[in-house]
$ cat target.cif   # mmCIF, C-alpha atoms, pLDDT in the B column; chains and numbers go by the auth columns
data_entry
loop_
_atom_site.group_PDB
_atom_site.id
_atom_site.type_symbol
_atom_site.label_atom_id
_atom_site.label_comp_id
_atom_site.label_asym_id
_atom_site.label_seq_id
_atom_site.Cartn_x
_atom_site.Cartn_y
_atom_site.Cartn_z
_atom_site.B_iso_or_equiv
_atom_site.auth_seq_id
_atom_site.auth_asym_id
ATOM 1 C CA GLU A 1 -2.488 62.347 -32.198 55.00 1 V
ATOM 2 C CA ALA A 2 -4.566 62.089 -29.067 61.00 2 V
ATOM 3 C CA ASP A 3 -2.759 62.204 -25.735 91.00 3 V
ATOM 4 C CA ILE A 4 -4.925 60.331 -23.289 96.00 4 V
ATOM 5 C CA TYR A 5 -3.531 57.867 -20.823 96.00 5 V
ATOM 6 C CA GLN A 6 -4.955 55.167 -18.630 98.00 6 V
ATOM 7 C CA THR A 7 -3.360 53.241 -15.802 97.00 7 V
ATOM 8 C CA PRO A 8 -3.117 50.455 -15.018 97.00 8 V
ATOM 9 C CA ARG A 9 -3.496 48.746 -18.400 96.00 9 V
ATOM 10 C CA TYR A 10 -4.264 45.414 -16.764 97.00 10 V
ATOM 11 C CA LEU A 11 -5.482 44.693 -13.252 97.00 11 V
ATOM 12 C CA VAL A 12 -6.361 41.435 -11.534 97.00 12 V
ATOM 13 C CA ILE A 13 -7.818 41.933 -8.093 96.00 13 V
ATOM 14 C CA GLY A 14 -9.787 40.015 -5.489 96.00 14 V
ATOM 15 C CA THR A 15 -13.420 40.504 -4.589 97.00 15 V
ATOM 16 C CA GLY A 16 -14.114 43.283 -2.104 96.00 16 V
ATOM 17 C CA LYS A 17 -11.061 45.377 -2.891 96.00 17 V
ATOM 18 C CA LYS A 18 -11.283 49.083 -3.590 96.00 18 V
ATOM 19 C CA ILE A 19 -9.768 50.113 -6.900 96.00 19 V
ATOM 20 C CA THR A 20 -9.202 53.353 -8.773 97.00 20 V
ATOM 21 C CA LEU A 21 -8.687 53.456 -12.516 97.00 21 V
ATOM 22 C CA GLU A 22 -6.743 56.490 -13.638 98.00 22 V
ATOM 23 C CA CYS A 23 -7.348 58.567 -16.765 98.00 23 V
ATOM 24 C CA SER A 24 -5.456 61.669 -17.807 98.00 24 V
ATOM 25 C CA GLN A 25 -5.410 63.766 -20.952 97.00 25 V
ATOM 26 C CA THR A 26 -3.036 66.526 -21.986 95.00 26 V
ATOM 27 C CA MET A 27 -5.191 68.058 -24.714 91.00 27 V
ATOM 28 C CA GLY A 28 -7.083 70.474 -22.472 90.00 28 V
ATOM 29 C CA HIS A 29 -10.386 68.861 -23.400 92.00 29 V
ATOM 30 C CA ASP A 30 -13.270 69.944 -21.212 91.00 30 V
ATOM 31 C CA LYS A 31 -15.377 66.793 -21.593 92.00 31 V
ATOM 32 C CA MET A 32 -14.374 63.347 -20.447 95.00 32 V
ATOM 33 C CA TYR A 33 -16.103 59.971 -20.472 95.00 33 V
ATOM 34 C CA TRP A 34 -15.892 56.470 -19.078 96.00 34 V
ATOM 35 C CA TYR A 35 -17.159 53.501 -21.081 95.00 35 V
ATOM 36 C CA GLN A 36 -17.430 49.841 -20.241 95.00 36 V
ATOM 37 C CA GLN A 37 -17.012 47.248 -22.968 95.00 37 V
ATOM 38 C CA ASP A 38 -17.079 43.463 -22.745 92.00 38 V
ATOM 39 C CA PRO A 39 -15.209 41.503 -25.467 87.00 39 V
ATOM 40 C CA GLY A 40 -17.040 41.649 -28.781 84.00 40 V
ATOM 41 C CA MET A 41 -19.805 43.755 -27.301 88.00 41 V
ATOM 42 C CA GLU A 42 -20.827 47.382 -27.648 88.00 42 V
ATOM 43 C CA LEU A 43 -19.624 50.376 -25.679 92.00 43 V
ATOM 44 C CA HIS A 44 -21.699 51.443 -22.709 91.00 44 V
ATOM 45 C CA LEU A 45 -21.358 54.957 -21.279 92.00 45 V
ATOM 46 C CA ILE A 46 -21.111 54.775 -17.488 93.00 46 V
ATOM 47 C CA HIS A 47 -19.998 58.300 -16.512 94.00 47 V
ATOM 48 C CA TYR A 48 -19.243 61.623 -18.143 93.00 48 V
ATOM 49 C CA SER A 49 -18.122 65.084 -17.168 94.00 49 V
ATOM 50 C CA TYR A 50 -18.824 68.506 -18.641 89.00 50 V
ATOM 51 C CA GLY A 51 -15.856 70.021 -16.846 92.00 51 V
ATOM 52 C CA VAL A 52 -14.284 70.498 -13.445 95.00 52 V
ATOM 53 C CA ASN A 53 -16.625 69.602 -10.561 94.00 53 V
ATOM 54 C CA SER A 54 -19.289 68.374 -12.999 93.00 54 V
ATOM 55 C CA THR A 55 -20.056 64.660 -13.333 94.00 55 V
ATOM 56 C CA GLU A 56 -23.072 62.720 -14.562 91.00 56 V
ATOM 57 C CA LYS A 57 -24.085 59.073 -14.687 91.00 57 V
ATOM 58 C CA GLY A 58 -24.310 57.513 -18.098 88.00 58 V
ATOM 59 C CA ASP A 59 -26.761 55.142 -19.682 80.00 59 V
ATOM 60 C CA LEU A 60 -25.488 51.981 -18.023 79.00 60 V
ATOM 61 C CA SER A 61 -26.040 51.623 -14.323 75.00 61 V
ATOM 62 C CA SER A 62 -22.709 51.315 -12.603 79.00 62 V
ATOM 63 C CA GLU A 63 -21.576 50.892 -9.015 88.00 63 V
ATOM 64 C CA SER A 64 -18.538 53.016 -9.744 93.00 64 V
ATOM 65 C CA THR A 65 -18.019 56.695 -8.919 94.00 65 V
ATOM 66 C CA VAL A 66 -15.966 59.393 -10.607 96.00 66 V
ATOM 67 C CA SER A 67 -14.507 62.770 -9.740 96.00 67 V
ATOM 68 C CA ARG A 68 -13.242 65.702 -11.792 97.00 68 V
ATOM 69 C CA ILE A 69 -11.140 67.997 -9.650 97.00 69 V
ATOM 70 C CA ARG A 70 -8.732 68.899 -12.442 96.00 70 V
ATOM 71 C CA THR A 71 -9.473 69.323 -16.138 95.00 71 V
ATOM 72 C CA GLU A 72 -6.940 66.737 -17.163 96.00 72 V
ATOM 73 C CA HIS A 73 -7.801 64.018 -14.648 97.00 73 V
ATOM 74 C CA PHE A 74 -10.932 61.818 -14.442 98.00 74 V
ATOM 75 C CA PRO A 75 -10.450 58.815 -12.145 98.00 75 V
ATOM 76 C CA LEU A 76 -13.025 56.055 -11.719 97.00 76 V
ATOM 77 C CA THR A 77 -13.377 54.260 -8.383 96.00 77 V
ATOM 78 C CA LEU A 78 -14.971 50.956 -7.415 94.00 78 V
ATOM 79 C CA GLU A 79 -15.434 50.812 -3.635 93.00 79 V
ATOM 80 C CA SER A 80 -15.854 47.038 -3.524 94.00 80 V
ATOM 81 C CA ALA A 81 -14.936 45.066 -6.616 95.00 81 V
ATOM 82 C CA ARG A 82 -17.043 42.077 -7.649 95.00 82 V
ATOM 83 C CA PRO A 83 -16.587 39.474 -10.403 96.00 83 V
ATOM 84 C CA SER A 84 -19.430 41.184 -12.316 93.00 84 V
ATOM 85 C CA HIS A 85 -17.143 44.227 -12.669 95.00 85 V
ATOM 86 C CA THR A 86 -14.767 42.227 -14.854 96.00 86 V
ATOM 87 C CA SER A 87 -14.616 44.145 -18.135 96.00 87 V
ATOM 88 C CA GLN A 88 -12.634 46.596 -20.267 97.00 88 V
ATOM 89 C CA TYR A 89 -12.885 50.220 -19.108 97.00 89 V
ATOM 90 C CA LEU A 90 -12.245 52.905 -21.699 97.00 90 V
ATOM 91 C CA CYS A 91 -11.699 56.588 -20.986 98.00 91 V
ATOM 92 C CA ALA A 92 -12.274 59.238 -23.664 96.00 92 V
ATOM 93 C CA SER A 93 -12.228 63.000 -23.990 95.00 93 V
ATOM 94 C CA SER A 94 -13.568 65.613 -26.382 91.00 94 V
ATOM 95 C CA ASP A 95 -13.371 69.343 -26.949 84.00 95 V
ATOM 96 C CA SER A 96 -16.681 71.197 -27.201 75.00 96 V
ATOM 97 C CA GLY A 97 -15.005 73.866 -29.318 67.00 97 V
ATOM 98 C CA ARG A 98 -14.663 71.448 -32.202 60.00 98 V
ATOM 99 C CA SER A 99 -16.958 68.759 -33.527 69.00 99 V
ATOM 100 C CA TYR A 100 -17.129 66.763 -30.310 78.00 100 V
ATOM 101 C CA GLU A 101 -15.177 63.832 -31.674 87.00 101 V
ATOM 102 C CA GLN A 102 -13.956 61.643 -28.855 91.00 102 V
ATOM 103 C CA TYR A 103 -10.446 60.361 -28.424 94.00 103 V
ATOM 104 C CA PHE A 104 -9.964 57.169 -26.475 96.00 104 V
ATOM 105 C CA GLY A 105 -7.283 56.009 -24.117 97.00 105 V
ATOM 106 C CA PRO A 106 -5.779 52.511 -24.417 96.00 106 V
ATOM 107 C CA GLY A 107 -8.154 51.063 -21.826 97.00 107 V
ATOM 108 C CA THR A 108 -7.859 49.139 -18.573 97.00 108 V
ATOM 109 C CA ARG A 109 -8.699 45.472 -18.595 97.00 109 V
ATOM 110 C CA LEU A 110 -10.045 44.602 -15.145 97.00 110 V
ATOM 111 C CA THR A 111 -10.442 41.077 -13.841 97.00 111 V
ATOM 112 C CA VAL A 112 -12.027 40.522 -10.437 97.00 112 V
ATOM 113 C CA THR A 113 -11.491 37.061 -8.995 96.00 113 V
ATOM 114 C CA GLN B 1 -35.330 50.052 -31.596 76.00 1 A
ATOM 115 C CA LYS B 2 -31.747 51.093 -30.951 84.00 2 A
ATOM 116 C CA GLU B 3 -30.819 54.717 -31.478 89.00 3 A
ATOM 117 C CA VAL B 4 -27.915 53.781 -33.737 93.00 4 A
ATOM 118 C CA GLU B 5 -28.204 50.577 -35.763 95.00 5 A
ATOM 119 C CA GLN B 6 -25.493 48.716 -37.621 95.00 6 A
ATOM 120 C CA ASN B 7 -25.382 45.295 -39.190 90.00 7 A
ATOM 121 C CA SER B 8 -23.130 43.234 -36.928 88.00 8 A
ATOM 122 C CA GLY B 9 -21.612 41.327 -39.846 88.00 9 A
ATOM 123 C CA PRO B 10 -19.167 39.895 -40.413 94.00 10 A
ATOM 124 C CA LEU B 11 -18.789 41.629 -43.733 96.00 11 A
ATOM 125 C CA SER B 12 -16.244 39.794 -45.827 97.00 12 A
ATOM 126 C CA VAL B 13 -14.613 41.403 -48.880 97.00 13 A
ATOM 127 C CA PRO B 14 -11.600 40.413 -50.992 98.00 14 A
ATOM 128 C CA GLU B 15 -8.437 42.462 -50.860 98.00 15 A
ATOM 129 C CA GLY B 16 -8.641 45.449 -53.199 97.00 16 A
ATOM 130 C CA ALA B 17 -12.433 45.610 -53.173 98.00 17 A
ATOM 131 C CA ILE B 18 -14.646 48.375 -51.813 98.00 18 A
ATOM 132 C CA ALA B 19 -16.113 47.715 -48.382 97.00 19 A
ATOM 133 C CA SER B 20 -19.408 49.439 -47.660 97.00 20 A
ATOM 134 C CA LEU B 21 -20.496 49.864 -44.050 97.00 21 A
ATOM 135 C CA ASN B 22 -23.909 51.240 -43.179 97.00 22 A
ATOM 136 C CA CYS B 23 -25.529 52.873 -40.188 97.00 23 A
ATOM 137 C CA THR B 24 -28.978 54.283 -39.446 97.00 24 A
ATOM 138 C CA TYR B 25 -30.010 56.522 -36.572 95.00 25 A
ATOM 139 C CA SER B 26 -33.318 57.446 -35.029 92.00 26 A
ATOM 140 C CA ASP B 27 -32.928 61.032 -33.760 88.00 27 A
ATOM 141 C CA ARG B 28 -33.608 63.489 -36.592 88.00 28 A
ATOM 142 C CA GLY B 29 -31.951 66.240 -34.589 84.00 29 A
ATOM 143 C CA SER B 30 -28.578 64.495 -34.639 88.00 30 A
ATOM 144 C CA GLN B 31 -25.764 66.850 -35.516 85.00 31 A
ATOM 145 C CA SER B 32 -22.491 65.025 -35.969 90.00 32 A
ATOM 146 C CA PHE B 33 -21.624 61.568 -37.192 94.00 33 A
ATOM 147 C CA PHE B 34 -18.450 59.617 -36.593 95.00 34 A
ATOM 148 C CA TRP B 35 -16.778 56.459 -37.739 97.00 35 A
ATOM 149 C CA TYR B 36 -14.352 54.658 -35.448 97.00 36 A
ATOM 150 C CA ARG B 37 -12.238 51.603 -36.102 97.00 37 A
ATOM 151 C CA GLN B 38 -11.592 49.143 -33.302 97.00 38 A
ATOM 152 C CA TYR B 39 -9.129 46.295 -33.587 96.00 39 A
ATOM 153 C CA SER B 40 -9.703 43.301 -31.358 92.00 40 A
ATOM 154 C CA GLY B 41 -8.553 44.045 -27.820 90.00 41 A
ATOM 155 C CA LYS B 42 -7.798 47.683 -28.605 93.00 42 A
ATOM 156 C CA SER B 43 -9.619 50.946 -28.033 95.00 43 A
ATOM 157 C CA PRO B 44 -11.620 52.726 -30.752 96.00 44 A
ATOM 158 C CA GLU B 45 -9.756 55.166 -32.981 95.00 45 A
ATOM 159 C CA LEU B 46 -11.441 57.931 -34.908 94.00 46 A
ATOM 160 C CA ILE B 47 -11.389 57.516 -38.692 95.00 47 A
ATOM 161 C CA MET B 48 -13.450 60.503 -39.704 94.00 48 A
ATOM 162 C CA PHE B 49 -16.510 62.595 -38.932 93.00 49 A
ATOM 163 C CA ILE B 50 -19.145 64.280 -41.035 94.00 50 A
ATOM 164 C CA TYR B 51 -21.955 66.744 -40.296 88.00 51 A
ATOM 165 C CA SER B 52 -23.136 67.963 -43.698 91.00 52 A
ATOM 166 C CA ASN B 53 -25.184 66.003 -46.194 94.00 53 A
ATOM 167 C CA GLY B 54 -23.135 64.479 -48.963 95.00 54 A
ATOM 168 C CA ASP B 55 -19.736 62.859 -49.163 96.00 55 A
ATOM 169 C CA LYS B 56 -16.523 63.494 -47.307 96.00 56 A
ATOM 170 C CA GLU B 57 -13.333 61.836 -48.491 97.00 57 A
ATOM 171 C CA ASP B 58 -10.122 61.168 -46.591 96.00 58 A
ATOM 172 C CA GLY B 59 -7.633 58.942 -48.359 97.00 59 A
ATOM 173 C CA ARG B 60 -9.208 55.556 -48.964 97.00 60 A
ATOM 174 C CA PHE B 61 -12.184 56.396 -46.760 98.00 61 A
ATOM 175 C CA THR B 62 -15.390 58.147 -47.791 98.00 62 A
ATOM 176 C CA ALA B 63 -18.180 58.981 -45.378 97.00 63 A
ATOM 177 C CA GLN B 64 -21.629 59.596 -46.790 97.00 64 A
ATOM 178 C CA LEU B 65 -24.454 61.305 -44.928 97.00 65 A
ATOM 179 C CA ASN B 66 -28.134 61.511 -45.843 96.00 66 A
ATOM 180 C CA LYS B 67 -30.031 63.268 -43.064 94.00 67 A
ATOM 181 C CA ALA B 68 -33.400 62.910 -44.796 94.00 68 A
ATOM 182 C CA SER B 69 -33.016 59.132 -44.741 95.00 69 A
ATOM 183 C CA GLN B 70 -31.181 59.181 -41.383 95.00 70 A
ATOM 184 C CA TYR B 71 -28.428 57.160 -42.910 95.00 71 A
ATOM 185 C CA VAL B 72 -24.658 57.366 -42.792 97.00 72 A
ATOM 186 C CA SER B 73 -22.180 55.073 -44.486 97.00 73 A
ATOM 187 C CA LEU B 74 -18.457 54.469 -44.739 98.00 74 A
ATOM 188 C CA LEU B 75 -16.782 53.277 -47.914 98.00 75 A
ATOM 189 C CA ILE B 76 -13.283 51.817 -47.795 98.00 76 A
ATOM 190 C CA ARG B 77 -11.633 51.683 -51.196 98.00 77 A
ATOM 191 C CA ASP B 78 -8.826 49.259 -52.036 98.00 78 A
ATOM 192 C CA SER B 79 -9.514 47.277 -48.874 98.00 79 A
ATOM 193 C CA GLN B 80 -6.469 45.770 -47.196 97.00 80 A
ATOM 194 C CA PRO B 81 -6.199 42.891 -44.703 97.00 81 A
ATOM 195 C CA SER B 82 -5.101 45.514 -42.167 97.00 82 A
ATOM 196 C CA ASP B 83 -8.562 47.068 -42.475 98.00 83 A
ATOM 197 C CA SER B 84 -10.033 43.979 -40.804 98.00 84 A
ATOM 198 C CA ALA B 85 -11.588 45.335 -37.617 97.00 85 A
ATOM 199 C CA THR B 86 -14.892 46.354 -36.086 97.00 86 A
ATOM 200 C CA TYR B 87 -16.216 49.682 -37.350 98.00 87 A
ATOM 201 C CA LEU B 88 -18.315 51.727 -34.954 97.00 88 A
ATOM 202 C CA CYS B 89 -20.801 54.334 -36.087 97.00 89 A
ATOM 203 C CA ALA B 90 -21.425 57.111 -33.547 95.00 90 A
ATOM 204 C CA VAL B 91 -23.968 59.910 -33.536 93.00 91 A
ATOM 205 C CA ARG B 92 -24.041 63.095 -31.483 89.00 92 A
ATOM 206 C CA LYS B 93 -27.585 63.958 -30.619 77.00 93 A
ATOM 207 C CA ASP B 94 -28.985 67.462 -30.643 65.00 94 A
ATOM 208 C CA THR B 95 -30.849 66.749 -27.409 62.00 95 A
ATOM 209 C CA GLY B 96 -29.066 65.652 -24.250 57.00 96 A
ATOM 210 C CA GLY B 97 -26.138 67.969 -24.765 61.00 97 A
ATOM 211 C CA PHE B 98 -22.967 66.528 -26.093 66.00 98 A
ATOM 212 C CA LYS B 99 -23.654 62.837 -25.534 76.00 99 A
ATOM 213 C CA THR B 100 -22.619 60.568 -28.337 87.00 100 A
ATOM 214 C CA ILE B 101 -24.391 57.301 -29.009 89.00 101 A
ATOM 215 C CA PHE B 102 -22.341 54.419 -30.383 92.00 102 A
ATOM 216 C CA GLY B 103 -23.635 51.617 -32.521 94.00 103 A
ATOM 217 C CA ALA B 104 -22.716 48.030 -31.754 93.00 104 A
ATOM 218 C CA GLY B 105 -20.331 47.917 -34.701 95.00 105 A
ATOM 219 C CA THR B 106 -19.862 45.968 -37.922 96.00 106 A
ATOM 220 C CA ARG B 107 -17.073 43.425 -38.130 97.00 107 A
ATOM 221 C CA LEU B 108 -15.152 43.664 -41.400 97.00 108 A
ATOM 222 C CA PHE B 109 -12.923 40.908 -42.694 97.00 109 A
ATOM 223 C CA VAL B 110 -10.704 41.579 -45.698 98.00 110 A
ATOM 224 C CA LYS B 111 -9.468 38.379 -47.322 96.00 111 A
ATOM 225 C CA ALA B 112 -5.961 38.395 -48.780 93.00 112 A
#

$ encode --input "target.cif" --output "structure tokens"
Amino acid sequence: EADIYQTPRYLVIGTGKKITLECSQTMGHDKMYWYQQDPGMELHLIHYSYGVNSTEKGDLSSESTVSRIRTEHFPLTLESARPSHTSQYLCASSDSGRSYEQYFGPGTRLTVT
Amino acid sequence: QKEVEQNSGPLSVPEGAIASLNCTYSDRGSQSFFWYRQYSGKSPELIMFIYSNGDKEDGRFTAQLNKASQYVSLLIRDSQPSDSATYLCAVRKDTGGFKTIFGAGTRLFVKA
């Protein structure tokens, strides 16, 4: 069973606030990902990381930033939240030594008022 | 054209029937193929993966891969109401490193 955690699970915050969504995994996976998904819609990759100190932007333009200082930790930060950021944010990880299957965390549902 | 295409559904099958979910992909160099199940409001969970042509069976699930036709499918035997969910097909491309492209998903509804 995958051990990947996200906090908070739900967040309601006002416009202009800075927020950080946390993601941690205990599997020692080198690759981590952030996806954005609106209800009933497809997943969109917004950031990914090959390993420590390596981050890349995904296919969907995002105003968020990420960091990867430790293998197990991949936080996502929004400097100034806007209502358009309201969505579900999903973190995932994979191990390049296997078949690259991704394991997902439970997600953070963000609402910006 | 999307890189990974799935029929959005909903696909409706009676309990006990076989549900057949299909997916096509555009990159011939794709290496690995995955099926995820996503319940409403939840995160995707991996059902199985396949990377060789042919069939791969795991319990009630069978994944089928045909690289020549760029086609991958998932069969669910003895479908149960608890199988009602959105099924996501995902493909790892040969180019672009380890990025995986997800399809938009097929909604499956199993009627009791």

$ residues_around --input "target.cif" --residues "Ser62 of chain V" --least-positions-apart "5" --cutoff "12 Å" --atoms "only C-alpha atoms" --output "JSON, numbers by chain"
{"V": [34, 35, 36, 44, 45, 46, 47, 56, 57, 76, 77, 78, 79, 81, 82, 84, 85, 89]}

$ interface_residues --input "target.cif" --of "chain V" --to "chain A" --cutoff "12 Å" --atoms "all atoms listed in the file" --output "ChimeraX atom specification"
/V:1-2,4-6,9-10,30-50,56-59,87-109

$ write_last_selection --input "target.cif" --atoms "C-alpha atoms" --output "PDB file, in the coordinates of the input"
ATOM      1  CA  GLU V   1      -2.488  62.347 -32.198  1.00 55.00           C
ATOM      2  CA  ALA V   2      -4.566  62.089 -29.067  1.00 61.00           C
ATOM      3  CA  ILE V   4      -4.925  60.331 -23.289  1.00 96.00           C
ATOM      4  CA  TYR V   5      -3.531  57.867 -20.823  1.00 96.00           C
ATOM      5  CA  GLN V   6      -4.955  55.167 -18.630  1.00 98.00           C
ATOM      6  CA  ARG V   9      -3.496  48.746 -18.400  1.00 96.00           C
ATOM      7  CA  TYR V  10      -4.264  45.414 -16.764  1.00 97.00           C
ATOM      8  CA  ASP V  30     -13.270  69.944 -21.212  1.00 91.00           C
ATOM      9  CA  LYS V  31     -15.377  66.793 -21.593  1.00 92.00           C
ATOM     10  CA  MET V  32     -14.374  63.347 -20.447  1.00 95.00           C
ATOM     11  CA  TYR V  33     -16.103  59.971 -20.472  1.00 95.00           C
ATOM     12  CA  TRP V  34     -15.892  56.470 -19.078  1.00 96.00           C
ATOM     13  CA  TYR V  35     -17.159  53.501 -21.081  1.00 95.00           C
ATOM     14  CA  GLN V  36     -17.430  49.841 -20.241  1.00 95.00           C
ATOM     15  CA  GLN V  37     -17.012  47.248 -22.968  1.00 95.00           C
ATOM     16  CA  ASP V  38     -17.079  43.463 -22.745  1.00 92.00           C
ATOM     17  CA  PRO V  39     -15.209  41.503 -25.467  1.00 87.00           C
ATOM     18  CA  GLY V  40     -17.040  41.649 -28.781  1.00 84.00           C
ATOM     19  CA  MET V  41     -19.805  43.755 -27.301  1.00 88.00           C
ATOM     20  CA  GLU V  42     -20.827  47.382 -27.648  1.00 88.00           C
ATOM     21  CA  LEU V  43     -19.624  50.376 -25.679  1.00 92.00           C
ATOM     22  CA  HIS V  44     -21.699  51.443 -22.709  1.00 91.00           C
ATOM     23  CA  LEU V  45     -21.358  54.957 -21.279  1.00 92.00           C
ATOM     24  CA  ILE V  46     -21.111  54.775 -17.488  1.00 93.00           C
ATOM     25  CA  HIS V  47     -19.998  58.300 -16.512  1.00 94.00           C
ATOM     26  CA  TYR V  48     -19.243  61.623 -18.143  1.00 93.00           C
ATOM     27  CA  SER V  49     -18.122  65.084 -17.168  1.00 94.00           C
ATOM     28  CA  TYR V  50     -18.824  68.506 -18.641  1.00 89.00           C
ATOM     29  CA  GLU V  56     -23.072  62.720 -14.562  1.00 91.00           C
ATOM     30  CA  LYS V  57     -24.085  59.073 -14.687  1.00 91.00           C
ATOM     31  CA  GLY V  58     -24.310  57.513 -18.098  1.00 88.00           C
ATOM     32  CA  ASP V  59     -26.761  55.142 -19.682  1.00 80.00           C
ATOM     33  CA  SER V  87     -14.616  44.145 -18.135  1.00 96.00           C
ATOM     34  CA  GLN V  88     -12.634  46.596 -20.267  1.00 97.00           C
ATOM     35  CA  TYR V  89     -12.885  50.220 -19.108  1.00 97.00           C
ATOM     36  CA  LEU V  90     -12.245  52.905 -21.699  1.00 97.00           C
ATOM     37  CA  CYS V  91     -11.699  56.588 -20.986  1.00 98.00           C
ATOM     38  CA  ALA V  92     -12.274  59.238 -23.664  1.00 96.00           C
ATOM     39  CA  SER V  93     -12.228  63.000 -23.990  1.00 95.00           C
ATOM     40  CA  SER V  94     -13.568  65.613 -26.382  1.00 91.00           C
ATOM     41  CA  ASP V  95     -13.371  69.343 -26.949  1.00 84.00           C
ATOM     42  CA  SER V  96     -16.681  71.197 -27.201  1.00 75.00           C
ATOM     43  CA  GLY V  97     -15.005  73.866 -29.318  1.00 67.00           C
ATOM     44  CA  ARG V  98     -14.663  71.448 -32.202  1.00 60.00           C
ATOM     45  CA  SER V  99     -16.958  68.759 -33.527  1.00 69.00           C
ATOM     46  CA  TYR V 100     -17.129  66.763 -30.310  1.00 78.00           C
ATOM     47  CA  GLU V 101     -15.177  63.832 -31.674  1.00 87.00           C
ATOM     48  CA  GLN V 102     -13.956  61.643 -28.855  1.00 91.00           C
ATOM     49  CA  TYR V 103     -10.446  60.361 -28.424  1.00 94.00           C
ATOM     50  CA  PHE V 104      -9.964  57.169 -26.475  1.00 96.00           C
ATOM     51  CA  GLY V 105      -7.283  56.009 -24.117  1.00 97.00           C
ATOM     52  CA  PRO V 106      -5.779  52.511 -24.417  1.00 96.00           C
ATOM     53  CA  GLY V 107      -8.154  51.063 -21.826  1.00 97.00           C
ATOM     54  CA  THR V 108      -7.859  49.139 -18.573  1.00 97.00           C
ATOM     55  CA  ARG V 109      -8.699  45.472 -18.595  1.00 97.00           C
TER      56      ARG V 109
END

$ residues_near_point --input "target.cif" --point "(-7.8, 41.0, -45.3)" --cutoff "6 Å" --atoms "all atoms listed in the file" --output "PyMOL selection string"
chain A and resi 15+80-81+84+109-112

$ residues_around --input "target.cif" --residues "Gln70 of chain A" --least-positions-apart "3" --cutoff "9 Å" --atoms "all atoms listed in the file" --output "list of chain:residue names"
A:Cys23, A:Thr24, A:Tyr25, A:Ser26, A:Asp27, A:Arg28, A:Ser30, A:Leu65, A:Asn66, A:Lys67

$ resolve_selection --input "target.cif" --expression "the PyMOL selection byres ((chain A and resi 62) around 12)" --output "mmCIF file with C-alpha atoms, keeping the file's coordinate frame"
data_model
loop_
_atom_site.group_PDB
_atom_site.id
_atom_site.type_symbol
_atom_site.label_atom_id
_atom_site.label_comp_id
_atom_site.auth_asym_id
_atom_site.auth_seq_id
_atom_site.Cartn_x
_atom_site.Cartn_y
_atom_site.Cartn_z
ATOM 1 C CA ILE A 18 -14.646 48.375 -51.813
ATOM 2 C CA ALA A 19 -16.113 47.715 -48.382
ATOM 3 C CA SER A 20 -19.408 49.439 -47.660
ATOM 4 C CA LEU A 21 -20.496 49.864 -44.050
ATOM 5 C CA ASN A 22 -23.909 51.240 -43.179
ATOM 6 C CA PHE A 34 -18.450 59.617 -36.593
ATOM 7 C CA TRP A 35 -16.778 56.459 -37.739
ATOM 8 C CA ILE A 47 -11.389 57.516 -38.692
ATOM 9 C CA MET A 48 -13.450 60.503 -39.704
ATOM 10 C CA PHE A 49 -16.510 62.595 -38.932
ATOM 11 C CA ILE A 50 -19.145 64.280 -41.035
ATOM 12 C CA GLY A 54 -23.135 64.479 -48.963
ATOM 13 C CA ASP A 55 -19.736 62.859 -49.163
ATOM 14 C CA LYS A 56 -16.523 63.494 -47.307
ATOM 15 C CA GLU A 57 -13.333 61.836 -48.491
ATOM 16 C CA ASP A 58 -10.122 61.168 -46.591
ATOM 17 C CA GLY A 59 -7.633 58.942 -48.359
ATOM 18 C CA ARG A 60 -9.208 55.556 -48.964
ATOM 19 C CA PHE A 61 -12.184 56.396 -46.760
ATOM 20 C CA ALA A 63 -18.180 58.981 -45.378
ATOM 21 C CA GLN A 64 -21.629 59.596 -46.790
ATOM 22 C CA LEU A 65 -24.454 61.305 -44.928
ATOM 23 C CA VAL A 72 -24.658 57.366 -42.792
ATOM 24 C CA SER A 73 -22.180 55.073 -44.486
ATOM 25 C CA LEU A 74 -18.457 54.469 -44.739
ATOM 26 C CA LEU A 75 -16.782 53.277 -47.914
ATOM 27 C CA ILE A 76 -13.283 51.817 -47.795
ATOM 28 C CA ARG A 77 -11.633 51.683 -51.196
ATOM 29 C CA ASP A 78 -8.826 49.259 -52.036
#

$ residues_near_point --input "target.cif" --point "(-5.3, 49.0, -8.0)" --cutoff "7 Å" --atoms "all atoms listed in the file" --output "PDB file with C-alpha atoms, in the coordinates of the input"
ATOM      1  CA  LEU V  11      -5.482  44.693 -13.252  1.00 97.00           C
ATOM      2  CA  ILE V  19      -9.768  50.113  -6.900  1.00 96.00           C
ATOM      3  CA  THR V  20      -9.202  53.353  -8.773  1.00 97.00           C
TER       4      THR V  20
END

$ resolve_selection --input "target.cif" --expression "the PyMOL selection byres ((chain V and resi 22) around 6)" --output "ChimeraX atom specification"
/V:6-7,21,23,75

$ write_last_selection --input "target.cif" --atoms "C-alpha atoms" --output "PDB file, in the frame of the given file"
ATOM      1  CA  GLN V   6      -4.955  55.167 -18.630  1.00 98.00           C
ATOM      2  CA  THR V   7      -3.360  53.241 -15.802  1.00 97.00           C
ATOM      3  CA  LEU V  21      -8.687  53.456 -12.516  1.00 97.00           C
ATOM      4  CA  CYS V  23      -7.348  58.567 -16.765  1.00 98.00           C
ATOM      5  CA  PRO V  75     -10.450  58.815 -12.145  1.00 98.00           C
TER       6      PRO V  75
END

$ resolve_selection --input "target.cif" --expression "the PyMOL selection byres ((chain V and resi 12) around 10)" --output "list in words"
Tyr10, Leu11, Ile13, Gly14, Thr15, Thr86, Arg109, Leu110, Thr111, Val112 and Thr113 of chain V

$ atom_distance --input "target.cif" --atom1 "atom CA of Arg37 of chain A" --atom2 "atom CA of Gly16 of chain A"
18.5 Å

$ atom_distance --input "target.cif" --atom1 "atom CA of Thr65 of chain V" --atom2 "atom CA of His29 of chain V"
20.4 Å

$ atom_distance --input "target.cif" --atom1 "atom CA of Thr71 of chain V" --atom2 "atom CA of Asn53 of chain V"
9.1 Å
